[in-house]
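Below: structure-v8.pdb (PDB, C-alpha atoms)
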MODEL        1
ATOM      1  CA  MET A 836      29.452  10.271  29.004
ATOM      2  CA  SER A 837      30.758   6.884  30.022
ATOM      3  CA  ALA A 838      31.509   4.259  27.422
ATOM      4  CA  ASP A 839      28.756   2.031  28.809
ATOM      5  CA  LEU A 840      26.130   4.754  28.444
ATOM      6  CA  ALA A 841      27.352   5.632  24.958
ATOM      7  CA  HIS A 842      27.151   2.005  23.821
ATOM      8  CA  ASP A 843      23.698   1.669  25.383
ATOM      9  CA  LEU A 844      22.488   4.828  23.620
ATOM     10  CA  GLN A 845      23.937   3.673  20.303
ATOM     11  CA  ARG A 846      22.235   0.290  20.671
ATOM     12  CA  LYS A 847      18.871   1.871  21.461
ATOM     13  CA  THR A 848      19.181   4.295  18.514
ATOM     14  CA  GLY A 849      20.017   1.357  16.257
ATOM     15  CA  GLU A 850      16.976  -0.538  17.493
ATOM     16  CA  ARG A 851      14.736   2.419  16.716
ATOM     17  CA  ALA A 852      16.266   3.057  13.295
ATOM     18  CA  ALA A 853      16.087  -0.546  12.086
ATOM     19  CA  PRO A 854      12.292  -0.802  11.534
ATOM     20  CA  LEU A 855      12.250   2.640   9.927
ATOM     21  CA  ALA A 856      14.959   1.605   7.476
ATOM     22  CA  PHE A 857      13.018  -1.551   6.666
ATOM     23  CA  ARG A 858       9.809   0.390   6.051
ATOM     24  CA  ALA A 859      11.643   2.923   3.905
ATOM     25  CA  ARG A 860      13.124   0.143   1.821
ATOM     26  CA  ALA A 861       9.696  -1.470   1.542
ATOM     27  CA  VAL A 862       8.157   1.781   0.254
ATOM     28  CA  LEU A 863      10.993   2.180  -2.245
ATOM     29  CA  ALA A 864      10.544  -1.443  -3.352
ATOM     30  CA  LEU A 865       6.777  -1.207  -3.950
ATOM     31  CA  GLY A 866       7.046   0.407  -7.390
ATOM     32  CA  PRO A 867       9.821  -1.850  -8.708
ATOM     33  CA  ALA A 868       7.921  -4.891  -7.371
ATOM     34  CA  ALA A 869       4.809  -3.861  -9.309
ATOM     35  CA  SER A 870       6.890  -3.185 -12.426
ATOM     36  CA  LEU A 871       8.582  -6.553 -12.077
ATOM     37  CA  GLY A 872       5.131  -8.138 -11.987
ATOM     38  CA  GLY A 873       4.313  -6.440 -15.287
ATOM     39  CA  VAL A 874       7.599  -7.561 -16.856
ATOM     40  CA  VAL A 875       7.055 -11.162 -15.748
ATOM     41  CA  TRP A 876       3.515 -11.043 -17.150
ATOM     42  CA  ALA A 877       4.865  -9.726 -20.473
ATOM     43  CA  LEU A 878       7.443 -12.527 -20.605
ATOM     44  CA  VAL A 879       4.897 -15.230 -19.758
ATOM     45  CA  GLN A 880       2.251 -13.908 -22.175
ATOM     46  CA  PRO A 881       4.137 -11.931 -24.854
ATOM     47  CA  TRP A 882       1.068 -11.995 -27.122
ATOM     48  CA  ARG A 883      -0.529  -9.553 -24.668
ATOM     49  CA  LEU A 884       1.888  -6.910 -25.986
ATOM     50  CA  THR A 885       0.436  -6.174 -29.390
ATOM     51  CA  LEU A 886       3.199  -3.629 -29.960
ATOM     52  CA  LEU A 887       5.475  -6.617 -30.569
ATOM     53  CA  HIS A 888       3.289  -7.691 -33.510
ATOM     54  CA  PRO A 889       1.354  -4.562 -34.470
ATOM     55  CA  HIS A 890       0.260  -5.557 -37.975
ATOM     56  CA  ALA A 891      -3.517  -5.754 -38.508
ATOM     57  CA  GLN A 892      -4.189  -4.592 -34.958
ATOM     58  CA  GLY A 893      -6.874  -1.999 -34.306
ATOM     59  CA  ILE A 894      -6.209   1.169 -32.358
ATOM     60  CA  TRP A 895      -7.669  -0.209 -29.109
ATOM     61  CA  TRP A 896      -5.507  -3.324 -29.253
ATOM     62  CA  LEU A 897      -2.463  -1.135 -29.789
ATOM     63  CA  LEU A 898      -3.428   0.927 -26.742
ATOM     64  CA  GLY A 899      -4.513  -2.032 -24.604
ATOM     65  CA  GLU A 900      -1.085  -3.110 -23.403
ATOM     66  CA  ALA A 901      -2.062  -4.356 -19.951
ATOM     67  CA  PRO A 902       1.414  -5.573 -18.827
ATOM     68  CA  LEU A 903       2.807  -2.150 -19.723
ATOM     69  CA  TYR A 904       0.126  -0.487 -17.574
ATOM     70  CA  VAL A 905       1.425  -2.457 -14.595
ATOM     71  CA  VAL A 906       5.023  -1.470 -15.363
ATOM     72  CA  LEU A 907       3.981   2.161 -15.786
ATOM     73  CA  VAL A 908       2.119   2.286 -12.457
ATOM     74  CA  GLY A 909       5.209   0.896 -10.691
ATOM     75  CA  VAL A 910       7.578   3.329 -12.384
ATOM     76  CA  LEU A 911       5.372   6.353 -11.673
ATOM     77  CA  PHE A 912       4.934   5.333  -8.027
ATOM     78  CA  ARG A 913       8.696   4.910  -7.604
ATOM     79  CA  LEU A 914       9.568   8.201  -9.317
ATOM     80  CA  LEU A 915       6.774  10.500  -8.143
ATOM     81  CA  LEU A 916       5.644   9.256  -4.724
ATOM     82  CA  ALA A 917       8.150   6.983  -3.010
ATOM     83  CA  PRO A 918      11.002   9.532  -2.620
ATOM     84  CA  GLY A 919       8.745  12.060  -0.878
ATOM     85  CA  ILE A 920       7.266   9.422   1.436
ATOM     86  CA  VAL A 921      10.728   8.210   2.481
ATOM     87  CA  GLU A 922      11.901  11.793   2.945
ATOM     88  CA  ASP A 923       8.961  12.467   5.274
ATOM     89  CA  MET A 924       9.683   9.247   7.180
ATOM     90  CA  GLN A 925      13.274  10.306   7.753
ATOM     91  CA  GLU A 926      12.264  13.813   8.835
ATOM     92  CA  ARG A 927       9.827  12.424  11.371
ATOM     93  CA  ALA A 928      12.264   9.788  12.703
TER      94      ALA A 928
ATOM     95  CA  MET B 715     -23.389  -0.257 -34.746
ATOM     96  CA  ILE B 716     -20.803   2.396 -35.602
ATOM     97  CA  VAL B 717     -20.523   3.399 -31.925
ATOM     98  CA  ALA B 718     -20.046  -0.264 -30.964
ATOM     99  CA  ARG B 719     -17.163  -0.531 -33.443
ATOM    100  CA  LEU B 720     -15.549   2.618 -32.086
ATOM    101  CA  MET B 721     -15.724   1.485 -28.477
ATOM    102  CA  PRO B 722     -12.871  -0.485 -26.921
ATOM    103  CA  PRO B 723     -13.555  -4.152 -26.047
ATOM    104  CA  ALA B 724     -15.072  -4.662 -22.572
ATOM    105  CA  GLU B 725     -12.006  -6.548 -21.345
ATOM    106  CA  MET B 726      -9.875  -3.429 -21.905
ATOM    107  CA  VAL B 727     -12.215  -1.382 -19.757
ATOM    108  CA  HIS B 728     -11.642  -3.973 -17.029
ATOM    109  CA  TRP B 729      -7.861  -3.548 -17.476
ATOM    110  CA  TRP B 730      -8.154   0.237 -17.159
ATOM    111  CA  PHE B 731     -10.103  -0.152 -13.946
ATOM    112  CA  ALA B 732      -7.536  -2.754 -12.850
ATOM    113  CA  THR B 733      -4.844  -0.114 -13.366
ATOM    114  CA  GLY B 734      -6.818   2.313 -11.215
ATOM    115  CA  PHE B 735      -7.239  -0.313  -8.486
ATOM    116  CA  LEU B 736      -3.543  -1.268  -8.690
ATOM    117  CA  THR B 737      -2.606   2.384  -8.159
ATOM    118  CA  LEU B 738      -5.110   2.579  -5.316
ATOM    119  CA  GLY B 739      -3.633  -0.585  -3.799
ATOM    120  CA  LEU B 740      -0.052   0.731  -3.944
ATOM    121  CA  LEU B 741      -1.132   3.967  -2.256
ATOM    122  CA  LEU B 742      -2.926   2.018   0.491
ATOM    123  CA  VAL B 743       0.049  -0.300   1.039
ATOM    124  CA  ALA B 744       2.379   2.702   1.298
ATOM    125  CA  GLU B 745       0.064   4.386   3.804
ATOM    126  CA  ALA B 746      -0.179   1.175   5.844
ATOM    127  CA  LEU B 747       3.626   0.918   5.858
ATOM    128  CA  VAL B 748       4.439   4.466   6.942
ATOM    129  CA  GLY B 749       1.428   5.236   9.129
ATOM    130  CA  ARG B 750      -1.251   7.904   8.905
ATOM    131  CA  GLU B 751       0.868  10.724  10.376
ATOM    132  CA  THR B 752       3.712  10.387   7.895
ATOM    133  CA  TRP B 753       1.311   9.820   5.013
ATOM    134  CA  THR B 754      -0.508  13.080   5.721
ATOM    135  CA  ALA B 755       2.723  15.076   6.243
ATOM    136  CA  ARG B 756       2.160  16.569   2.787
ATOM    137  CA  PRO B 757      -1.413  17.851   2.542
ATOM    138  CA  TRP B 758      -1.935  16.868  -1.107
ATOM    139  CA  ARG B 759      -1.059  13.254  -0.368
ATOM    140  CA  ARG B 760      -4.027  12.722   1.949
ATOM    141  CA  TYR B 761      -6.415  13.326  -0.970
ATOM    142  CA  LEU B 762      -4.695  10.915  -3.368
ATOM    143  CA  TRP B 763      -6.437   7.624  -2.789
ATOM    144  CA  PRO B 764      -9.827   9.015  -1.709
ATOM    145  CA  GLY B 765      -9.769  11.170  -4.856
ATOM    146  CA  LEU B 766      -8.857   8.171  -6.993
ATOM    147  CA  LEU B 767     -11.670   6.142  -5.406
ATOM    148  CA  PHE B 768     -14.135   8.928  -6.202
ATOM    149  CA  PHE B 769     -12.800   9.204  -9.766
ATOM    150  CA  LEU B 770     -13.240   5.451 -10.304
ATOM    151  CA  GLY B 771     -16.890   5.924  -9.309
ATOM    152  CA  VAL B 772     -17.308   8.785 -11.791
ATOM    153  CA  ALA B 773     -15.608   6.720 -14.525
ATOM    154  CA  MET B 774     -18.078   3.892 -13.906
ATOM    155  CA  TRP B 775     -20.975   5.992 -15.230
ATOM    156  CA  PRO B 776     -19.913   5.899 -18.916
ATOM    157  CA  VAL B 777     -19.294   2.161 -18.491
ATOM    158  CA  MET B 778     -22.859   1.813 -17.259
ATOM    159  CA  THR B 779     -24.123   3.897 -20.164
ATOM    160  CA  PHE B 780     -22.234   2.258 -23.023
ATOM    161  CA  TYR B 781     -21.438  -1.289 -21.902
ATOM    162  CA  THR B 782     -24.553  -2.672 -20.262
ATOM    163  CA  ASN B 783     -26.926  -4.696 -22.404
ATOM    164  CA  SER B 784     -29.437  -5.761 -19.765
ATOM    165  CA  THR B 785     -31.275  -4.188 -16.869
ATOM    166  CA  ILE B 786     -29.443  -6.200 -14.234
ATOM    167  CA  HIS B 787     -26.052  -5.239 -15.734
ATOM    168  CA  MET B 788     -27.085  -1.593 -15.793
ATOM    169  CA  ILE B 789     -28.220  -1.699 -12.168
ATOM    170  CA  ALA B 790     -25.015  -3.456 -11.110
ATOM    171  CA  HIS B 791     -22.740  -0.948 -12.861
ATOM    172  CA  GLY B 792     -24.868   1.968 -11.641
ATOM    173  CA  SER B 793     -24.670   0.704  -8.056
ATOM    174  CA  TRP B 794     -20.857   0.402  -8.318
ATOM    175  CA  ALA B 795     -20.668   3.964  -9.598
ATOM    176  CA  GLN B 796     -22.801   5.262  -6.746
ATOM    177  CA  VAL B 797     -21.123   3.407  -3.903
ATOM    178  CA  LEU B 798     -17.604   4.123  -5.200
ATOM    179  CA  MET B 799     -18.487   7.817  -5.271
ATOM    180  CA  LEU B 800     -20.055   7.567  -1.807
ATOM    181  CA  ALA B 801     -16.975   5.846  -0.344
ATOM    182  CA  GLY B 802     -14.591   8.234  -2.140
ATOM    183  CA  GLY B 803     -16.630  11.246  -1.006
ATOM    184  CA  ALA B 804     -16.683  10.088   2.617
ATOM    185  CA  GLU B 805     -12.929   9.433   2.559
ATOM    186  CA  LEU B 806     -12.347  12.848   0.981
ATOM    187  CA  GLY B 807     -14.442  14.411   3.755
ATOM    188  CA  LEU B 808     -12.384  12.591   6.379
ATOM    189  CA  ALA B 809      -9.130  13.620   4.693
ATOM    190  CA  ARG B 810     -10.209  17.265   4.520
ATOM    191  CA  GLY B 811     -11.376  17.248   8.136
ATOM    192  CA  LYS B 812     -14.963  18.195   7.260
ATOM    193  CA  LEU B 813     -16.023  14.777   8.541
ATOM    194  CA  ARG B 814     -14.583  13.820  11.894
ATOM    195  CA  SER B 815     -16.201  10.586  13.004
ATOM    196  CA  PRO B 816     -14.253   7.440  11.996
ATOM    197  CA  TYR B 817     -17.639   5.784  11.515
ATOM    198  CA  TRP B 818     -17.783   7.496   8.108
ATOM    199  CA  ARG B 819     -15.451   4.676   7.067
ATOM    200  CA  LEU B 820     -18.553   2.492   7.218
ATOM    201  CA  CYS B 821     -19.394   4.039   3.814
ATOM    202  CA  THR B 822     -16.461   2.052   2.396
ATOM    203  CA  THR B 823     -17.767  -1.078   4.110
ATOM    204  CA  LEU B 824     -21.182  -0.431   2.603
ATOM    205  CA  ALA B 825     -19.604   0.209  -0.800
ATOM    206  CA  MET B 826     -17.775  -3.121  -0.683
ATOM    207  CA  LEU B 827     -20.833  -5.044   0.470
ATOM    208  CA  VAL B 828     -23.013  -3.512  -2.257
ATOM    209  CA  SER B 829     -20.312  -3.996  -4.912
ATOM    210  CA  GLY B 830     -19.716  -7.606  -3.942
ATOM    211  CA  ALA B 831     -23.420  -8.377  -3.782
ATOM    212  CA  ALA B 832     -23.981  -6.738  -7.187
ATOM    213  CA  LEU B 833     -21.174  -8.815  -8.707
ATOM    214  CA  LEU B 834     -22.640 -12.024  -7.312
ATOM    215  CA  ALA B 835     -26.258 -11.167  -8.090
ATOM    216  CA  HIS B 836     -25.787 -10.102 -11.708
ATOM    217  CA  GLU B 837     -23.695 -13.127 -12.701
ATOM    218  CA  GLN B 838     -26.149 -15.674 -14.047
ATOM    219  CA  GLN B 839     -23.654 -18.432 -14.937
ATOM    220  CA  PRO B 840     -21.861 -20.962 -12.689
ATOM    221  CA  TRP B 841     -18.192 -20.583 -11.681
ATOM    222  CA  LEU B 842     -16.626 -22.677 -14.470
ATOM    223  CA  PHE B 843     -18.858 -21.500 -17.350
ATOM    224  CA  ALA B 844     -16.040 -19.268 -18.632
ATOM    225  CA  ARG B 845     -13.377 -16.865 -17.330
ATOM    226  CA  ALA B 846     -15.681 -13.889 -16.830
ATOM    227  CA  PRO B 847     -18.289 -15.704 -14.676
ATOM    228  CA  PHE B 848     -15.490 -17.222 -12.572
ATOM    229  CA  LEU B 849     -14.025 -13.777 -12.000
ATOM    230  CA  HIS B 850     -17.432 -12.318 -11.139
ATOM    231  CA  HIS B 851     -17.894 -14.951  -8.413
ATOM    232  CA  ALA B 852     -14.300 -14.627  -7.178
ATOM    233  CA  LEU B 853     -14.439 -10.817  -7.193
ATOM    234  CA  GLY B 854     -17.800 -10.779  -5.457
ATOM    235  CA  TRP B 855     -16.747 -13.023  -2.590
ATOM    236  CA  THR B 856     -13.343 -11.320  -2.264
ATOM    237  CA  ILE B 857     -14.952  -7.899  -1.984
ATOM    238  CA  VAL B 858     -17.681  -9.095   0.414
ATOM    239  CA  GLY B 859     -15.011 -10.765   2.575
ATOM    240  CA  GLY B 860     -12.693  -7.759   2.334
ATOM    241  CA  SER B 861     -15.422  -5.439   3.624
ATOM    242  CA  VAL B 862     -14.458  -6.592   7.121
ATOM    243  CA  PHE B 863     -11.283  -4.466   6.904
ATOM    244  CA  PRO B 864     -12.872  -0.999   6.538
ATOM    245  CA  LEU B 865     -15.412  -2.154   9.137
ATOM    246  CA  LEU B 866     -12.504  -2.818  11.488
ATOM    247  CA  GLN B 867     -10.931   0.537  10.561
ATOM    248  CA  ALA B 868     -14.135   2.333  11.548
ATOM    249  CA  PHE B 869     -13.707   1.064  15.103
ATOM    250  CA  ARG B 870      -9.895   0.843  15.191
ATOM    251  CA  PRO B 871      -8.641   3.572  12.817
ATOM    252  CA  ARG B 872      -4.969   2.839  13.601
ATOM    253  CA  SER B 873      -5.150  -0.909  13.046
ATOM    254  CA  VAL B 874      -2.274  -1.951  10.783
ATOM    255  CA  VAL B 875      -3.914  -5.325  10.117
ATOM    256  CA  ALA B 876      -7.090  -3.619   8.886
ATOM    257  CA  ALA B 877      -5.137  -1.170   6.691
ATOM    258  CA  ALA B 878      -2.980  -3.947   5.234
ATOM    259  CA  GLY B 879      -6.010  -6.176   4.679
ATOM    260  CA  PHE B 880      -7.877  -3.414   2.869
ATOM    261  CA  ALA B 881      -4.838  -2.740   0.663
ATOM    262  CA  ALA B 882      -4.423  -6.468  -0.084
ATOM    263  CA  THR B 883      -8.106  -6.743  -1.020
ATOM    264  CA  VAL B 884      -7.797  -3.845  -3.476
ATOM    265  CA  ILE B 885      -4.687  -5.370  -5.076
ATOM    266  CA  ALA B 886      -6.438  -8.753  -5.338
ATOM    267  CA  VAL B 887      -9.339  -7.010  -7.101
ATOM    268  CA  SER B 888      -6.834  -5.412  -9.468
ATOM    269  CA  VAL B 889      -5.223  -8.768 -10.340
ATOM    270  CA  MET B 890      -8.624 -10.339 -10.999
ATOM    271  CA  LEU B 891      -9.686  -7.429 -13.216
ATOM    272  CA  TYR B 892      -6.454  -7.776 -15.214
ATOM    273  CA  SER B 893      -7.315 -11.474 -15.675
ATOM    274  CA  ASP B 894     -10.594 -10.675 -17.363
ATOM    275  CA  ARG B 895     -11.101 -11.680 -21.006
ATOM    276  CA  ASP B 896     -14.255 -11.301 -23.080
ATOM    277  CA  ILE B 897     -14.527 -15.042 -23.810
ATOM    278  CA  ALA B 898     -11.841 -17.307 -22.436
ATOM    279  CA  PRO B 899     -11.560 -20.643 -20.590
ATOM    280  CA  ILE B 900     -11.002 -20.951 -16.860
ATOM    281  CA  PHE B 901      -8.840 -23.861 -15.654
ATOM    282  CA  GLY B 902      -9.447 -25.493 -19.048
ATOM    283  CA  HIS B 903     -13.229 -25.133 -18.874
ATOM    284  CA  LEU B 904     -15.191 -23.156 -21.453
ATOM    285  CA  SER B 905     -18.877 -23.828 -21.926
ATOM    286  CA  PRO B 906     -19.899 -24.350 -25.597
ATOM    287  CA  TYR B 907     -22.674 -21.840 -24.872
ATOM    288  CA  ALA B 908     -20.127 -19.114 -24.006
ATOM    289  CA  GLY B 909     -19.209 -18.507 -27.648
ATOM    290  CA  VAL B 910     -15.992 -18.584 -29.613
ATOM    291  CA  GLN B 911     -12.869 -18.029 -27.532
ATOM    292  CA  HIS B 912     -11.455 -14.563 -27.824
ATOM    293  CA  ARG B 913      -7.678 -13.994 -27.996
TER     294      ARG B 913
ENDMDL
END

Please re-express this file's structure in structure tokens.
Amino acid sequence: MSADLAHDLQRKTGERAAPLAFRARAVLALGPAASLGGVVWALVQPWRLTLLHPHAQGIWWLLGEAPLYVVLVGVLFRLLLAPGIVEDMQERA
Amino acid sequence: MIVARLMPPAEMVHWWFATGFLTLGLLLVAEALVGRETWTARPWRRYLWPGLLFFLGVAMWPVMTFYTNSTIHMIAHGSWAQVLMLAGGAELGLARGKLRSPYWRLCTTLAMLVSGAALLAHEQQPWLFARAPFLHHALGWTIVGGSVFPLLQAFRPRSVVAAAGFAATVIAVSVMLYSDRDIAPIFGHLSPYAGVQHR
């Protein structure tokens, strides 16, 4: 194979791989982005986390930690779903 | 009275549904990013978001039973339960391959139109009466507007714009549901008729 052809092939492969890598990174970033949203919410409205001041709170207010729900959804998505999705993307590339 | 004390506040139920819609939104965004073929590479994954949609419809029934204090509220919650189950069922049928026509996606369009209309119709107060009425109006119009995306998907199943728009609509619904409070001001407005501000 001539050097010109090899360079051309490498360039074309790079062009094809670039969007895939971006999409893979985007899938991997979805969960952390959601979790970050929950963390920011908790910092902006710390009174929403009744676990930080649990005295005289009823059971529902101790369970109703909405910012933590957001963090949890992000963490679970990142740990349970994202790796498999990226793996399938790479297999199909 | 005892049952009312045992039940969680209504705003928490909204947050639980918000969590369901956030999960649904993340799944839809991921599918829009990687494409239908990659998403369905593992058979169990194709049932994830249609199953969640169906489950949200099932979960709406106890909300209708225990949280509605007027006929119009009961009808609204009952209609959400039915159309969520219809949309989830149709999407499950499409995922399984039992349903083949992409026009079954029109069930999701119908679900969004009915849900949005129910939100708008059962809210009796103006936008700035309090937080909850504002969110009812905003949710209603967002969902009615967002129904264009599954409509587009019925005719162009591979449209990335339609898939991304549908996912964005679901995430917007999630954010608005998380914003719900039983009695709270909106942009500094709280009608004296709304009651005493909650937390």

_Test item: residues at most 9 Å from Thr856 in chain B, only C-alpha atoms, excluding those fewer than 3 positions along its chain, as a PyMOL selection string_ = chain B and resi 830+851-853+859-861+883+886-887

*At a cut-off of 12 Å, list the chain A residues touching chain B, using only C-alpha atoms, as a ChimeraX atom specification.*
/A:854-870,872-873,876,880,882-883,885,893-913,915-928

_Since I can't run it myself right now, could you work out what the PyMOL selection byres ((chain B and resi 902) around 12) selects here and report it as a VMD selection string?_
chain B and resid 842 to 845 898 to 901 903 to 905 911

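Counting from CA of Trp763 in chain B, the distance to CA of Ala790 in chain B is 23.2 Å.
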
*asked:* Applying the PyMOL selection byres ((chain B and resi 807) around 12) to the file I just gave you, which residues come out? Please list them as a list in words.
replied: Arg760, Tyr761, Pro764, Gly765, Phe768, Met799, Leu800, Ala801, Gly802, Gly803, Ala804, Glu805, Leu806, Leu808, Ala809, Arg810, Gly811, Lys812, Leu813, Arg814, Ser815, Pro816, Trp818, Arg819 and Cys821 of chain B

Only C-alpha atoms, please: the residues just picked out, written as a PDB file, keeping the file's coordinate frame.
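Just written: part_10.pdb:
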ATOM      1  CA  ARG B 760      -4.027  12.722   1.949  1.00  0.00           C
ATOM      2  CA  TYR B 761      -6.415  13.326  -0.970  1.00  0.00           C
ATOM      3  CA  PRO B 764      -9.827   9.015  -1.709  1.00  0.00           C
ATOM      4  CA  GLY B 765      -9.769  11.170  -4.856  1.00  0.00           C
ATOM      5  CA  PHE B 768     -14.135   8.928  -6.202  1.00  0.00           C
ATOM      6  CA  MET B 799     -18.487   7.817  -5.271  1.00  0.00           C
ATOM      7  CA  LEU B 800     -20.055   7.567  -1.807  1.00  0.00           C
ATOM      8  CA  ALA B 801     -16.975   5.846  -0.344  1.00  0.00           C
ATOM      9  CA  GLY B 802     -14.591   8.234  -2.140  1.00  0.00           C
ATOM     10  CA  GLY B 803     -16.630  11.246  -1.006  1.00  0.00           C
ATOM     11  CA  ALA B 804     -16.683  10.088   2.617  1.00  0.00           C
ATOM     12  CA  GLU B 805     -12.929   9.433   2.559  1.00  0.00           C
ATOM     13  CA  LEU B 806     -12.347  12.848   0.981  1.00  0.00           C
ATOM     14  CA  LEU B 808     -12.384  12.591   6.379  1.00  0.00           C
ATOM     15  CA  ALA B 809      -9.130  13.620   4.693  1.00  0.00           C
ATOM     16  CA  ARG B 810     -10.209  17.265   4.520  1.00  0.00           C
ATOM     17  CA  GLY B 811     -11.376  17.248   8.136  1.00  0.00           C
ATOM     18  CA  LYS B 812     -14.963  18.195   7.260  1.00  0.00           C
ATOM     19  CA  LEU B 813     -16.023  14.777   8.541  1.00  0.00           C
ATOM     20  CA  ARG B 814     -14.583  13.820  11.894  1.00  0.00           C
ATOM     21  CA  SER B 815     -16.201  10.586  13.004  1.00  0.00           C
ATOM     22  CA  PRO B 816     -14.253   7.440  11.996  1.00  0.00           C
ATOM     23  CA  TRP B 818     -17.783   7.496   8.108  1.00  0.00           C
ATOM     24  CA  ARG B 819     -15.451   4.676   7.067  1.00  0.00           C
ATOM     25  CA  CYS B 821     -19.394   4.039   3.814  1.00  0.00           C
TER      26      CYS B 821
END

*Mind giving me the straight-line distance from CA of Gln839 in chain B to CA of Met826 in chain B in Å, one decimal?*
21.7 Å
